[in-house]
Each structure stands twice: as structure tokens, then as C-alpha cells.
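Asks: What follows is model.cif, made up of mmCIF, C-alpha atoms:
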data_entry
#
loop_
_atom_site.group_PDB
_atom_site.id
_atom_site.type_symbol
_atom_site.label_atom_id
_atom_site.label_comp_id
_atom_site.auth_asym_id
_atom_site.auth_seq_id
_atom_site.Cartn_x
_atom_site.Cartn_y
_atom_site.Cartn_z
ATOM 1 C CA MET A 284 -30.717 4.024 52.248
ATOM 2 C CA SER A 285 -32.788 0.835 52.176
ATOM 3 C CA ASN A 286 -35.461 -0.514 49.857
ATOM 4 C CA ILE A 287 -38.661 -1.210 51.793
ATOM 5 C CA LEU A 288 -41.666 -3.218 50.607
ATOM 6 C CA VAL A 289 -45.084 -3.063 52.258
ATOM 7 C CA VAL A 290 -47.364 -5.882 51.114
ATOM 8 C CA ALA A 291 -51.066 -5.090 51.431
ATOM 9 C CA PRO A 292 -53.810 -7.657 50.798
ATOM 10 C CA HIS A 293 -56.176 -4.765 49.985
ATOM 11 C CA ALA A 294 -55.635 -1.063 49.354
ATOM 12 C CA ASP A 295 -55.602 0.878 52.657
ATOM 13 C CA ASP A 296 -54.163 -2.005 54.739
ATOM 14 C CA GLU A 297 -50.720 -0.486 54.194
ATOM 15 C CA ILE A 298 -51.786 2.851 55.721
ATOM 16 C CA LEU A 299 -53.756 1.341 58.596
ATOM 17 C CA GLY A 300 -50.907 -0.999 59.478
ATOM 18 C CA CYS A 301 -47.804 1.093 58.932
ATOM 19 C CA GLY A 302 -48.607 4.496 57.471
ATOM 20 C CA GLY A 303 -46.531 6.256 60.124
ATOM 21 C CA THR A 304 -43.659 3.851 59.655
ATOM 22 C CA ILE A 305 -43.769 4.464 55.901
ATOM 23 C CA ALA A 306 -43.572 8.218 56.553
ATOM 24 C CA LYS A 307 -40.617 7.683 58.906
ATOM 25 C CA HIS A 308 -38.756 5.522 56.379
ATOM 26 C CA ILE A 309 -39.233 8.153 53.690
ATOM 27 C CA ARG A 310 -38.160 10.929 56.064
ATOM 28 C CA ASN A 311 -34.982 8.940 56.728
ATOM 29 C CA GLY A 312 -34.218 8.624 53.013
ATOM 30 C CA ASP A 313 -35.426 5.070 52.321
ATOM 31 C CA ASP A 314 -37.310 4.086 49.176
ATOM 32 C CA VAL A 315 -40.717 2.602 50.017
ATOM 33 C CA TYR A 316 -42.744 0.464 47.635
ATOM 34 C CA VAL A 317 -46.269 -0.839 48.180
ATOM 35 C CA ALA A 318 -47.678 -3.999 46.606
ATOM 36 C CA VAL A 319 -51.476 -4.262 46.651
ATOM 37 C CA MET A 320 -52.204 -7.917 46.051
ATOM 38 C CA THR A 321 -55.889 -8.236 45.209
ATOM 39 C CA ASN A 322 -58.704 -6.999 42.999
ATOM 40 C CA ALA A 323 -62.094 -7.798 44.530
ATOM 41 C CA ALA A 324 -63.836 -7.258 41.183
ATOM 42 C CA GLU A 325 -61.965 -10.348 39.964
ATOM 43 C CA GLY A 326 -62.823 -12.516 42.970
ATOM 44 C CA ALA A 327 -66.348 -11.384 43.809
ATOM 45 C CA PRO A 328 -67.825 -9.346 40.947
ATOM 46 C CA GLU A 329 -71.290 -9.868 42.411
ATOM 47 C CA LEU A 330 -70.177 -7.868 45.471
ATOM 48 C CA PHE A 331 -67.558 -5.471 44.089
ATOM 49 C CA SER A 332 -67.707 -3.795 40.687
ATOM 50 C CA GLN A 333 -64.627 -2.724 38.765
ATOM 51 C CA LYS A 334 -65.895 0.840 39.177
ATOM 52 C CA GLN A 335 -65.735 0.476 42.969
ATOM 53 C CA ILE A 336 -62.228 -0.961 42.750
ATOM 54 C CA ASN A 337 -61.146 1.903 40.503
ATOM 55 C CA VAL A 338 -62.374 4.383 43.132
ATOM 56 C CA ILE A 339 -60.377 2.678 45.880
ATOM 57 C CA ARG A 340 -57.278 2.433 43.694
ATOM 58 C CA ASP A 341 -57.524 6.108 42.834
ATOM 59 C CA GLU A 342 -57.752 6.899 46.550
ATOM 60 C CA ALA A 343 -54.666 4.759 47.159
ATOM 61 C CA LYS A 344 -52.705 6.438 44.358
ATOM 62 C CA ARG A 345 -53.387 9.887 45.812
ATOM 63 C CA SER A 346 -52.606 8.667 49.336
ATOM 64 C CA HIS A 347 -49.307 7.135 48.249
ATOM 65 C CA LYS A 348 -48.313 10.229 46.277
ATOM 66 C CA TYR A 349 -49.007 12.333 49.377
ATOM 67 C CA LEU A 350 -46.745 10.089 51.491
ATOM 68 C CA GLY A 351 -43.966 10.012 48.893
ATOM 69 C CA ILE A 352 -44.081 6.281 48.152
ATOM 70 C CA LYS A 353 -41.658 5.412 45.354
ATOM 71 C CA ASP A 354 -44.023 3.146 43.439
ATOM 72 C CA THR A 355 -47.254 1.197 43.886
ATOM 73 C CA ILE A 356 -47.467 -2.238 42.286
ATOM 74 C CA TRP A 357 -50.955 -3.557 41.561
ATOM 75 C CA PHE A 358 -51.775 -7.243 41.377
ATOM 76 C CA ASP A 359 -55.134 -8.705 40.398
ATOM 77 C CA PHE A 360 -55.296 -11.819 42.554
ATOM 78 C CA PRO A 361 -58.909 -12.579 43.542
ATOM 79 C CA ALA A 362 -60.416 -11.250 46.757
ATOM 80 C CA PRO A 363 -62.127 -12.229 48.995
ATOM 81 C CA GLN A 364 -61.105 -15.788 48.135
ATOM 82 C CA LEU A 365 -57.334 -15.543 48.056
ATOM 83 C CA GLU A 366 -56.944 -18.532 50.368
ATOM 84 C CA GLN A 367 -58.403 -20.672 47.563
ATOM 85 C CA PHE A 368 -55.926 -19.389 44.969
ATOM 86 C CA PRO A 369 -52.674 -21.329 44.328
ATOM 87 C CA GLN A 370 -50.271 -19.985 46.949
ATOM 88 C CA TYR A 371 -47.186 -20.625 44.848
ATOM 89 C CA LYS A 372 -48.384 -18.112 42.255
ATOM 90 C CA ILE A 373 -48.771 -15.397 44.892
ATOM 91 C CA ALA A 374 -45.378 -16.255 46.415
ATOM 92 C CA SER A 375 -43.734 -16.247 42.987
ATOM 93 C CA ALA A 376 -45.090 -12.770 42.210
ATOM 94 C CA ILE A 377 -43.837 -11.393 45.529
ATOM 95 C CA ASN A 378 -40.458 -13.091 45.141
ATOM 96 C CA SER A 379 -40.006 -11.600 41.669
ATOM 97 C CA LEU A 380 -40.789 -8.161 43.087
ATOM 98 C CA ILE A 381 -38.302 -8.630 45.936
ATOM 99 C CA GLN A 382 -35.587 -9.572 43.465
ATOM 100 C CA GLU A 383 -36.409 -6.760 41.045
ATOM 101 C CA LEU A 384 -36.382 -4.077 43.761
ATOM 102 C CA ALA A 385 -33.634 -5.602 45.950
ATOM 103 C CA VAL A 386 -35.931 -5.319 48.974
ATOM 104 C CA GLU A 387 -34.209 -5.499 52.351
ATOM 105 C CA VAL A 388 -37.159 -4.974 54.718
ATOM 106 C CA ILE A 389 -40.667 -6.289 54.154
ATOM 107 C CA TYR A 390 -43.841 -5.455 56.085
ATOM 108 C CA ILE A 391 -46.591 -8.062 55.838
ATOM 109 C CA PRO A 392 -50.084 -8.585 57.294
ATOM 110 C CA HIS A 393 -50.561 -10.572 60.488
ATOM 111 C CA LYS A 394 -51.345 -14.250 59.954
ATOM 112 C CA GLY A 395 -54.191 -14.344 62.498
ATOM 113 C CA ASP A 396 -56.299 -11.518 61.034
ATOM 114 C CA LEU A 397 -60.004 -12.173 60.587
ATOM 115 C CA HIS A 398 -59.873 -11.816 56.787
ATOM 116 C CA MET A 399 -58.390 -15.008 55.369
ATOM 117 C CA ASP A 400 -56.830 -13.038 52.498
ATOM 118 C CA HIS A 401 -54.413 -11.614 55.086
ATOM 119 C CA GLY A 402 -53.305 -15.073 56.201
ATOM 120 C CA ALA A 403 -52.812 -16.149 52.596
ATOM 121 C CA VAL A 404 -50.609 -13.125 51.881
ATOM 122 C CA TYR A 405 -48.650 -13.713 55.101
ATOM 123 C CA ASN A 406 -47.889 -17.300 54.093
ATOM 124 C CA ALA A 407 -46.958 -16.314 50.535
ATOM 125 C CA CYS A 408 -44.602 -13.611 51.826
ATOM 126 C CA LEU A 409 -42.756 -16.060 54.064
ATOM 127 C CA VAL A 410 -42.228 -18.357 51.087
ATOM 128 C CA ALA A 411 -41.147 -15.461 48.866
ATOM 129 C CA ALA A 412 -38.678 -14.139 51.460
ATOM 130 C CA ARG A 413 -37.269 -17.427 52.721
ATOM 131 C CA PRO A 414 -33.589 -16.992 53.659
ATOM 132 C CA VAL A 415 -31.922 -18.893 50.834
ATOM 133 C CA PRO A 416 -28.622 -17.823 49.226
ATOM 134 C CA GLY A 417 -29.152 -14.690 47.171
ATOM 135 C CA GLN A 418 -32.121 -13.473 49.213
ATOM 136 C CA PHE A 419 -32.167 -9.698 49.693
ATOM 137 C CA VAL A 420 -34.676 -9.592 52.569
ATOM 138 C CA LYS A 421 -33.054 -9.279 55.981
ATOM 139 C CA LYS A 422 -36.034 -8.254 58.105
ATOM 140 C CA ILE A 423 -39.698 -9.280 58.091
ATOM 141 C CA LEU A 424 -42.273 -7.529 60.274
ATOM 142 C CA ALA A 425 -46.001 -8.260 60.551
ATOM 143 C CA TYR A 426 -48.293 -5.280 61.069
ATOM 144 C CA GLU A 427 -51.693 -4.994 62.729
ATOM 145 C CA THR A 428 -54.672 -3.804 60.687
ATOM 146 C CA LEU A 429 -57.579 -2.141 62.467
ATOM 147 C CA SER A 430 -60.890 -3.875 61.629
ATOM 148 C CA GLU A 431 -59.008 -7.111 60.945
ATOM 149 C CA THR A 432 -56.375 -7.903 63.586
ATOM 150 C CA GLU A 433 -58.479 -7.116 66.652
ATOM 151 C CA TRP A 434 -61.285 -9.345 65.318
ATOM 152 C CA GLY A 435 -58.952 -12.251 64.536
ATOM 153 C CA HIS A 436 -58.916 -15.767 65.908
ATOM 154 C CA PRO A 437 -58.789 -15.705 69.750
ATOM 155 C CA THR A 438 -56.208 -18.450 70.046
ATOM 156 C CA VAL A 439 -52.645 -18.437 71.317
ATOM 157 C CA GLU A 440 -51.112 -19.309 67.950
ATOM 158 C CA ALA A 441 -53.055 -16.605 66.095
ATOM 159 C CA VAL A 442 -53.037 -13.621 68.456
ATOM 160 C CA PHE A 443 -51.050 -10.490 67.562
ATOM 161 C CA ILE A 444 -48.212 -10.094 70.079
ATOM 162 C CA PRO A 445 -46.250 -6.876 69.462
ATOM 163 C CA THR A 446 -42.512 -7.417 69.770
ATOM 164 C CA MET A 447 -41.278 -4.285 67.993
ATOM 165 C CA PHE A 448 -42.525 -0.744 68.518
ATOM 166 C CA ASN A 449 -41.659 1.915 65.960
ATOM 167 C CA THR A 450 -41.946 5.294 67.693
ATOM 168 C CA LEU A 451 -43.201 8.147 65.544
ATOM 169 C CA LYS A 452 -42.713 11.875 65.494
ATOM 170 C CA GLU A 453 -45.932 13.859 65.473
ATOM 171 C CA SER A 454 -45.181 14.763 61.851
ATOM 172 C CA ASP A 455 -44.948 11.063 60.918
ATOM 173 C CA PHE A 456 -48.257 10.313 62.573
ATOM 174 C CA ASN A 457 -49.927 13.314 60.965
ATOM 175 C CA LYS A 458 -48.740 12.023 57.584
ATOM 176 C CA LYS A 459 -50.445 8.719 58.364
ATOM 177 C CA LEU A 460 -53.700 10.488 59.184
ATOM 178 C CA GLY A 461 -53.429 12.616 56.057
ATOM 179 C CA ALA A 462 -52.785 9.526 53.935
ATOM 180 C CA MET A 463 -55.743 7.676 55.468
ATOM 181 C CA ASN A 464 -58.076 10.594 54.870
ATOM 182 C CA PHE A 465 -57.750 9.997 51.124
ATOM 183 C CA PHE A 466 -59.665 6.725 51.610
ATOM 184 C CA ALA A 467 -63.082 8.355 51.889
ATOM 185 C CA SER A 468 -64.806 5.210 50.630
ATOM 186 C CA GLN A 469 -63.271 3.091 53.398
ATOM 187 C CA LEU A 470 -63.398 5.305 56.485
ATOM 188 C CA LYS A 471 -66.234 4.863 58.984
ATOM 189 C CA PRO A 472 -67.439 7.020 61.895
ATOM 190 C CA PHE A 473 -66.195 6.193 65.389
ATOM 191 C CA PRO A 474 -66.620 3.833 67.242
ATOM 192 C CA ASN A 475 -65.937 1.746 64.130
ATOM 193 C CA THR A 476 -62.302 0.673 64.275
ATOM 194 C CA ARG A 477 -61.760 1.793 60.670
ATOM 195 C CA SER A 478 -62.043 5.425 61.749
ATOM 196 C CA ILE A 479 -59.591 8.267 62.240
ATOM 197 C CA LYS A 480 -60.354 8.414 65.970
ATOM 198 C CA ALA A 481 -59.617 4.689 66.400
ATOM 199 C CA ILE A 482 -56.331 5.115 64.519
ATOM 200 C CA GLU A 483 -55.408 7.953 66.891
ATOM 201 C CA HIS A 484 -56.302 5.886 69.944
ATOM 202 C CA LEU A 485 -54.253 2.872 68.827
ATOM 203 C CA ALA A 486 -51.182 4.989 68.038
ATOM 204 C CA SER A 487 -51.409 6.654 71.461
ATOM 205 C CA LEU A 488 -51.820 3.309 73.209
ATOM 206 C CA ARG A 489 -48.905 1.684 71.384
ATOM 207 C CA GLY A 490 -46.825 4.771 72.082
ATOM 208 C CA ALA A 491 -47.714 4.721 75.788
ATOM 209 C CA TYR A 492 -46.525 1.106 75.974
ATOM 210 C CA VAL A 493 -43.003 2.356 75.311
ATOM 211 C CA GLY A 494 -43.119 5.857 76.795
ATOM 212 C CA HIS A 495 -43.825 7.841 73.619
ATOM 213 C CA ASP A 496 -46.724 9.828 72.243
ATOM 214 C CA TYR A 497 -47.155 7.738 69.091
ATOM 215 C CA ALA A 498 -46.011 4.349 67.868
ATOM 216 C CA GLU A 499 -46.916 1.509 65.536
ATOM 217 C CA ALA A 500 -46.530 -2.059 66.742
ATOM 218 C CA PHE A 501 -45.228 -5.066 64.838
ATOM 219 C CA MET A 502 -44.447 -8.727 65.315
ATOM 220 C CA LEU A 503 -40.847 -9.420 64.360
ATOM 221 C CA ILE A 504 -40.793 -12.506 62.164
ATOM 222 C CA ARG A 505 -37.105 -12.526 61.190
ATOM 223 C CA ASP A 506 -34.128 -10.189 61.543
ATOM 224 C CA ILE A 507 -30.823 -11.195 59.973
ATOM 225 C CA GLN A 508 -27.902 -9.090 61.166
#
Mind turning this structure into C-alpha cells?

Replies:
Amino acid sequence: MSNILVVAPHADDEILGCGGTIAKHIRNGDDVYVAVMTNAAEGAPELFSQKQINVIRDEAKRSHKYLGIKDTIWFDFPAPQLEQFPQYKIASAINSLIQELAVEVIYIPHKGDLHMDHGAVYNACLVAARPVPGQFVKKILAYETLSETEWGHPTVEAVFIPTMFNTLKESDFNKKLGAMNFFASQLKPFPNTRSIKAIEHLASLRGAYVGHDYAEAFMLIRDIQ
């Protein structure tokens, strides 16, 4: 059994990026924790009310309970201006969580995503999980987030290049869809990429890359054996 941490800049990123992988970890007996890093009502109250944030957080709580996530940790760092917030404070919070939970595998957002909050969380995670003596984290994987990753910076250094494919049973993928369906406030009709149909298409495409029906793709950042 391993302790797994999924770090999400915003609630629902964790399901979009690795909901099937979370289901697979739990099916295999691992403990999965999710850290949601931001509260948009703190960073942009003129755009997002606390009432709206409460709705999204309630959706996330029900989604995570459905999946069997061990615990959800809520932070209130400001969105959508996380890149302007002191990075060391974000990294310190993540590092404390890693130490408290003895996290061995961490899933983080891709650095080149369109939303700069994702890049800020990526950088903070690398600082928090740097391989110094006493570090628990052995593996770091970056996930792709529909409606963020595909709209990211079209440059070589920022593009998402999948180097690890996690194949999913149909039951794992159905758990992902079930978990995403709790986010009624966030889902859009197809052809928006934040739609159930787009999630199905991406999982089928990533699966076909490696000869399976369903898969989620990741960029391997570090793997210490």
C-alpha cells in the first residue's frame, strides 16, 4: 500500500487529470489524498463569491466520497492570481502535507497549462518534493487537464509530452465519469473540452496509443527506484 497525493490548483482538476488513476489506486489498496490549493473568492471576490466556491467544494466533497478518497485538504491560496503569491509559502504548505502523510507518489498539474495557477502549483510541488535526505516522495507525475493543457503555450518547452500511460479498466474509467458528473457547475456541453464526451474521447485516444480501451497520460518528472 502506498500513500498518494493529487495536487489540484482548483477543485475538479484532480478528476479531469487523473480520476481514473485515482480509482485504480484505490482499487489496488492505496490511500489517496487530494489537496485543493486555491479559493477564488479570496483572490478575485469580484468574479467569484464565497457562495459559488462553497457550491464547487460541496461538489468536490461528494465526488471524492464517491471515489473513496481518504481525505481532501483545502487550502485558501488566492486564485486566479496564484503566480503573484509568494511561492515559498505554497511550497511549504505542500511539503508539510507530504511529511505529515508520508506521501510516496505525487500527481501535479502540467507546467505549460494555459492557467498560470497551474504553473505556480507545478513549481511549488517540485520545491516541496525535492529529493533531499528524508524526502518521502519517490515519483512525480504531471497530469493533463482538459480545458487547460490543450490550450497551453505552443512552445517546445511548455508542450505536454506524455511519457507514462496508465491503462484503466472500464470500471476505473466509469468511476472517473461518475466522479466528474458531481461537478454540475463546471461541466459544459460538447464540443467544449470540459464535457463528459471530451473526457471519453481523450481516454479512448490515450488508450489507443498503447493498445488499450482507456488510459490516462502523464509526464514523468522523477522516479526514484

Asks: Would you compute the distance between atom CA of Ile336 of chain A and atom CA of Pro292 of chain A? Give it in Å to one decimal.

Replies: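 Distance between the two atoms: 13.4 Å.
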
Asks: My list of candidates is A:Asn378, A:Ala498, A:Thr304, A:Asp506. Which is closest to Ile423 of chain A when distances are computed with only C-alpha atoms?

Replies: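 Once distances to Ile423 of chain A are computed over only C-alpha atoms, the minimum belongs to A:Asp506.
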
Asks: Please expand the PyMOL selection byres ((chain A and resi 406) around 10) into the concrete residues it hits in this file, giving the result as a list in words.

Replies: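 Here the PyMOL selection byres ((chain A and resi 406) around 10) matches Glu366, Gln370, Tyr371, Ile373, Ala374, Ile391, Pro392, His393, Lys394, His401, Gly402, Ala403, Val404, Tyr405, Ala407, Cys408, Leu409, Val410 and Ala411 of chain A.
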
Asks: Kindly give the distance, in Å, that separates atom CA of Ser375 of chain A and atom CA of Glu342 of chain A, rounded to a single decimal.

Replies: 27.3 Å

Asks: On this structure, the PyMOL selection byres ((chain A and resi 323-331) around 12) would catch which residues? List them as a list in words, sorted by chain and number.

Replies: Pro292, His293, Ala294, Val319, Met320, Thr321, Asn322, Ser332, Gln333, Lys334, Gln335, Ile336, Asn337, Val338, Ile339, Arg340, Phe358, Asp359, Phe360, Pro361, Ala362, Pro363, Gln364, Leu365, Glu366, Gln367, Phe368 and Asp400 of chain A

Asks: Once the PyMOL selection byres ((chain A and resi 419) around 9) has been evaluated on this model, what residues remain selected, and can you format them as an NGL selection string?

Replies: :A and (381-382 or 385-388 or 412 or 414 or 416-418 or 420-421)

Asks: In Å to one decimal, how far is atom CA of Trp434 of chain A from atom CA of Leu397 of chain A?

Replies: 5.7 Å

Asks: Which one is closest to Phe465 of chain A: A:Leu451, A:Ala486, A:Ile298, A:Met284? Count all atoms listed in the file.

Replies: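 Among the listed residues, A:Ile298 lies closest to Phe465 of chain A.
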
Asks: Counting all atoms listed in the file, what is within 12 Å of Asn464 of chain A, bar same-chain residues fewer than 3 positions away, as a list in words?

Replies: Asp295, Ile298, Leu299, Gly302, Glu342, Ala343, Arg345, Ser346, His347, Tyr349, Leu350, Asn457, Lys458, Lys459, Leu460, Gly461, Ala467, Ser468, Gln469, Leu470, Lys471, Arg477, Ser478, Ile479, Lys480 and Ile482 of chain A

Asks: Give me a file of those residues, with C-alpha atoms, as a compact mmCIF listing (two decimals), in the coordinates of the input.

Replies:
# COMPACT_ATOMS: atom_id res chain seq x y z
CA ASP A 295 -55.60 0.88 52.66
CA ILE A 298 -51.79 2.85 55.72
CA LEU A 299 -53.76 1.34 58.60
CA GLY A 302 -48.61 4.50 57.47
CA GLU A 342 -57.75 6.90 46.55
CA ALA A 343 -54.67 4.76 47.16
CA ARG A 345 -53.39 9.89 45.81
CA SER A 346 -52.61 8.67 49.34
CA HIS A 347 -49.31 7.14 48.25
CA TYR A 349 -49.01 12.33 49.38
CA LEU A 350 -46.74 10.09 51.49
CA ASN A 457 -49.93 13.31 60.96
CA LYS A 458 -48.74 12.02 57.58
CA LYS A 459 -50.44 8.72 58.36
CA LEU A 460 -53.70 10.49 59.18
CA GLY A 461 -53.43 12.62 56.06
CA ALA A 467 -63.08 8.36 51.89
CA SER A 468 -64.81 5.21 50.63
CA GLN A 469 -63.27 3.09 53.40
CA LEU A 470 -63.40 5.30 56.48
CA LYS A 471 -66.23 4.86 58.98
CA ARG A 477 -61.76 1.79 60.67
CA SER A 478 -62.04 5.42 61.75
CA ILE A 479 -59.59 8.27 62.24
CA LYS A 480 -60.35 8.41 65.97
CA ILE A 482 -56.33 5.12 64.52

Asks: Taking 4 positions as the minimum chain separation for residues in the same chain, which residues sit within 6 Å of Asp455 of chain A when counting all atoms listed in the file? Answer as a PDB file with C-alpha atoms, keeping the file's coordinate frame.

Replies:
ATOM      1  CA  GLY A 303     -46.531   6.256  60.124  1.00  0.00           C
ATOM      2  CA  ALA A 306     -43.572   8.218  56.553  1.00  0.00           C
ATOM      3  CA  LYS A 307     -40.617   7.683  58.906  1.00  0.00           C
ATOM      4  CA  LEU A 451     -43.201   8.147  65.544  1.00  0.00           C
TER       5      LEU A 451
END

Asks: So for segment 288-300 of chain A, what box centre and size do we get, axis-aligned, 3 Å extra on each of the six sides, every listed atom, Å to one decimal, as lines of an AutoDock Vina configuration file?

Replies:
center_x = -48.9
center_y = -2.4
center_z = 54.4
size_x = 20.5
size_y = 16.5
size_z = 16.1

Asks: When you count all atoms listed in the file, which of these residues is closest to Thr446 of chain A: A:Val317, A:Ala376, A:Val415, A:Val493?

Replies: A:Val493

Asks: Give the answer as one residue: which of A:Met463, A:Asp354, A:Phe456, A:Asp396 has the shortest atom-to-atom distance to Pro437 of chain A, using only C-alpha atoms?

Replies: A:Asp396

Asks: Which is closer to Ile377 of chain A than all the others in A:Leu503, A:Ala318, A:Ala441, A:Ile352, using only C-alpha atoms?

Replies: A:Ala318

Asks: Which is closer to Tyr492 of chain A than all the others in A:Thr450, A:Arg505, A:Ser379, A:Phe466, using only C-alpha atoms?

Replies: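 Answer, going by the shortest atom-to-atom distance: A:Thr450.
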